[in-house]
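J.: Could you have a look at this structure, given as structure tokens, before my questions?
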Amino acid sequence: RKKAFIFDLDGVIVDTAKYHFLAWQKIAQELNIEFTLEHNELLKGVSRVRSLDIILELGNVEASQEDKNKWLVQKNEEYLTYLVDMDQSELLPGVLPVLEFLKQNNQPIALGSASKNARPILEKTGILHYFDAVVDGNDVTNAKPDPEVFLIAAQLLQIPAHDAIVFEDSVAGVQAANIAKMTSIGIGDKKTLFEAQHIFANFTQMETSFIEDLIKK
Ligand code: G16
Ligand code: MG
């Protein structure tokens, strides 16, 4: 059977969270807002615009739209400097074999990410050709936990939502998959992602037989 396999990007395919963090930290420093790695958890899977709002809320800072736009541009320019040297070595462990296995089994694959930088990251890491559809921050109006990004992905793959499987590292993303009635698979910490139907620390923990069962079900 054909299923839709939908991958989140940041935290599932690549560990760009550390780069988002460094870029946001620079903005926060300029604004004298304390911004720690713990705070950074709040930004996972969250859009750029919403991320800035969260940081401003942390520092009780009110700002004009003009200033906000300026910081959003600054943040992205800083973030892009970290992507320049990105290559296949930045793929998270076990990702490539899973993509390869799905391809060999003729399974449709999509990206479902909040990031507006998704395509260049897939290109730089050399895996764009695995994806039959790419849905990212440029294509959606509603952020996760709204299921829009995953619903569009399944639609593009021409697979009904209940036959879609979503890999996610963020709580909002797992919730989005659940709302869409898709199979949610958390990649990361059990305690954080307890709402997911299945949870793996990373892709190396996922047996081929598990994926075979997903295809057969
Ligand atoms: C990713 C990250 C978020 C980031 C968002 C937008 O989402 O998890 O932290 O804020 O993309 O990224 P950009 O500024 O590149 O548009 P995902 O859905 O891939 O985990
Ligand atoms: Mg993510």
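In the structure tokens, chains take the letters A, B, ... in the order shown, each chain's residues start at 1, and ligands count up from 1 in the order shown.
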Once you count only C-alpha atoms and all ligand atoms, which residues end up within 7 Å of ligand 2, and could you hand them over as number ranges by chain?

T.: A: 8-12, 44-45, 168-170

J.: Can you write out the residues you just picked, keeping N, CA and C atoms, as a PDB file, in the first residue's frame?

T.:
```pdb
ATOM      1  N   ASP A   8       9.066  16.406   9.229  1.00  0.00           N
ATOM      2  CA  ASP A   8       9.416  17.740   9.680  1.00  0.00           C
ATOM      3  C   ASP A   8      10.907  17.943   9.346  1.00  0.00           C
ATOM      4  N   LEU A   9      11.356  19.172   9.325  1.00  0.00           N
ATOM      5  CA  LEU A   9      12.760  19.406   8.954  1.00  0.00           C
ATOM      6  C   LEU A   9      13.661  19.562  10.182  1.00  0.00           C
ATOM      7  N   ASP A  10      13.475  20.702  10.840  1.00  0.00           N
ATOM      8  CA  ASP A  10      14.353  21.027  11.948  1.00  0.00           C
ATOM      9  C   ASP A  10      14.117  20.094  13.125  1.00  0.00           C
ATOM     10  N   GLY A  11      15.153  19.402  13.553  1.00  0.00           N
ATOM     11  CA  GLY A  11      15.033  18.499  14.693  1.00  0.00           C
ATOM     12  C   GLY A  11      14.712  17.075  14.280  1.00  0.00           C
ATOM     13  N   VAL A  12      14.334  16.878  13.013  1.00  0.00           N
ATOM     14  CA  VAL A  12      14.026  15.534  12.520  1.00  0.00           C
ATOM     15  C   VAL A  12      15.048  15.118  11.462  1.00  0.00           C
ATOM     16  N   LYS A  44      10.730  25.733  19.095  1.00  0.00           N
ATOM     17  CA  LYS A  44      10.816  24.597  18.169  1.00  0.00           C
ATOM     18  C   LYS A  44       9.510  24.402  17.416  1.00  0.00           C
ATOM     19  N   GLY A  45       9.616  24.338  16.099  1.00  0.00           N
ATOM     20  CA  GLY A  45       8.437  24.139  15.261  1.00  0.00           C
ATOM     21  C   GLY A  45       7.583  25.383  15.094  1.00  0.00           C
ATOM     22  N   GLU A 168       7.960  13.972  13.700  1.00  0.00           N
ATOM     23  CA  GLU A 168       8.025  15.305  14.324  1.00  0.00           C
ATOM     24  C   GLU A 168       8.861  15.312  15.597  1.00  0.00           C
ATOM     25  N   ASP A 169       9.555  16.420  15.826  1.00  0.00           N
ATOM     26  CA  ASP A 169      10.306  16.558  17.077  1.00  0.00           C
ATOM     27  C   ASP A 169       9.669  17.576  18.013  1.00  0.00           C
ATOM     28  N   SER A 170       8.634  18.277  17.550  1.00  0.00           N
ATOM     29  CA  SER A 170       8.044  19.316  18.400  1.00  0.00           C
ATOM     30  C   SER A 170       6.664  18.903  18.882  1.00  0.00           C
TER      31      SER A 170
END
```

J.: How close does range 109-129 of chain A get to range 82-89 of chain A? List, as JSON lines, each residue of range 109-129 of chain A within 12 Å, its nearest atom pair and the distance in Å to one decimal, counting only C-alpha atoms.

T.:
```
{"residue": "A:Asn117", "atom": "CA", "partner": "A:Leu83", "partner_atom": "CA", "distance": 9.5}
{"residue": "A:Ala118", "atom": "CA", "partner": "A:Leu83", "partner_atom": "CA", "distance": 10.9}
{"residue": "A:Arg119", "atom": "CA", "partner": "A:Leu83", "partner_atom": "CA", "distance": 11.8}
{"residue": "A:Pro120", "atom": "CA", "partner": "A:Leu83", "partner_atom": "CA", "distance": 8.7}
{"residue": "A:Ile121", "atom": "CA", "partner": "A:Leu83", "partner_atom": "CA", "distance": 7.4}
{"residue": "A:Leu122", "atom": "CA", "partner": "A:Gln88", "partner_atom": "CA", "distance": 9.3}
{"residue": "A:Glu123", "atom": "CA", "partner": "A:Asp87", "partner_atom": "CA", "distance": 8.8}
{"residue": "A:Lys124", "atom": "CA", "partner": "A:Asp87", "partner_atom": "CA", "distance": 5.3}
{"residue": "A:Thr125", "atom": "CA", "partner": "A:Gln88", "partner_atom": "CA", "distance": 4.1}
{"residue": "A:Gly126", "atom": "CA", "partner": "A:Gln88", "partner_atom": "CA", "distance": 6.1}
{"residue": "A:Ile127", "atom": "CA", "partner": "A:Gln88", "partner_atom": "CA", "distance": 8.2}
{"residue": "A:Leu128", "atom": "CA", "partner": "A:Gln88", "partner_atom": "CA", "distance": 11.3}
```

J.: List the neighbours of Glu30 in chain A out to 12 Å using only C-alpha atoms; skip same-chain residues closer than 6 positions along the sequence, and give me the result as a PyMOL selection string.

T.: chain A and resi 23-24+56+59+71+74-75

J.: Run DSSP on the backbone and grab whatever in range 16-129 of chain A lands in strand (DSSP E); send it over as a tab-separated table (two decimals) with C-alpha atoms, in the first residue's frame.

T.:
```
chain	number	residue	atom	x	y	z
A	109	ILE	CA	7.65	11.30	0.75
A	110	ALA	CA	6.95	14.92	1.67
A	111	LEU	CA	8.45	17.63	3.79
A	112	GLY	CA	6.17	19.47	6.23
```

J.: So what do you get for CA of Lys18 in chain A versus CA of Glu207 in chain A, distance-wise?

T.: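 CA of Glu207 in chain A lies at a distance of 27.6 Å from CA of Lys18 in chain A.
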
J.: Contacts of Leu31 in chain A at 12 Å or less, counting only C-alpha atoms, minus same-chain residues fewer than 5 places along, as a list in words?

T.: Trp24, Gln25, Lys26, Leu52, Ile55, Leu56, Glu57, Leu58, Gly59, Asn60, Val61, Glu62, Ala63, Asp67, Lys68 and Trp71 of chain A

J.: From the DSSP assignment of the backbone, select every residue of range 33-167 of chain A that is alpha helix (DSSP H), and format the answer as an NGL selection string.

T.: :A and (37-40 or 48-58 or 65-83 or 95-104 or 118-124 or 148-157)

J.: Which one is closest to Glu78 in chain A: A:Ile211, A:Leu22, A:Ile185, A:Ala17? Count only C-alpha atoms.

T.: A:Leu22

J.: Which of these, A:Glu90, A:Glu212, A:Glu100, A:Asp136, has the shortest distance to ligand 1 once you count only C-alpha atoms and all ligand atoms?

T.: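 The closest residue to ligand 1 is A:Asp136.
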
J.: I want to know what sits within 10 Å of range 187-203 of chain A, based on only C-alpha atoms, with residues of the same chain fewer than 4 positions away left out; could you give that as a ChimeraX atom specification?

T.: /A:8,11-13,92-98,166-175,177-178,182-183,207

J.: Identify which of the residues A:Thr208, A:Ser184, A:Thr16, A:Ser64 lies closest to ligand 1, counting only C-alpha atoms and all ligand atoms when measuring atom-to-atom distances.

T.: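 Of all the options, A:Thr16 lies closest to ligand 1.
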
J.: Restricting the calculation to only C-alpha atoms: of A:Ala114, A:Asn32, A:Ala4, A:Asp213, which residue gets closest to Asp146 in chain A?

T.: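 Counting only C-alpha atoms, the residue closest to Asp146 in chain A is A:Ala114.
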
J.: Could you check the closest approach to ligand 1 for each of A:Glu34, A:Leu99, A:Ile54, A:Gly137 and tell me which residue wins, using only C-alpha atoms and all ligand atoms?

T.: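 That would be A:Gly137, the residue with the smallest distance to ligand 1.
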
J.: Between A:Phe101, A:Lys144, A:Thr36, A:Leu91, single out the one closest to ligand 1, counting only C-alpha atoms and all ligand atoms.

T.: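 The answer is A:Lys144, which sits nearest to ligand 1.
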
J.: Write out as JSON, numbers by chain each polymer residue whose atoms come within 10 Å of Ile152 in chain A, counting only C-alpha atoms; drop sequence neighbours fewer than 2 positions from it.

T.: {"A": [110, 112, 133, 134, 135, 136, 139, 140, 147, 148, 149, 150, 154, 155, 156, 157, 158, 161]}

J.: For His162 in chain A, list every protein, DNA or RNA residue within 9 Å, evaluated using only C-alpha atoms, and leave out those in the same chain fewer than 2 positions away; present the list as a ChimeraX atom specification.

T.: /A:159-160,164-165,180-183
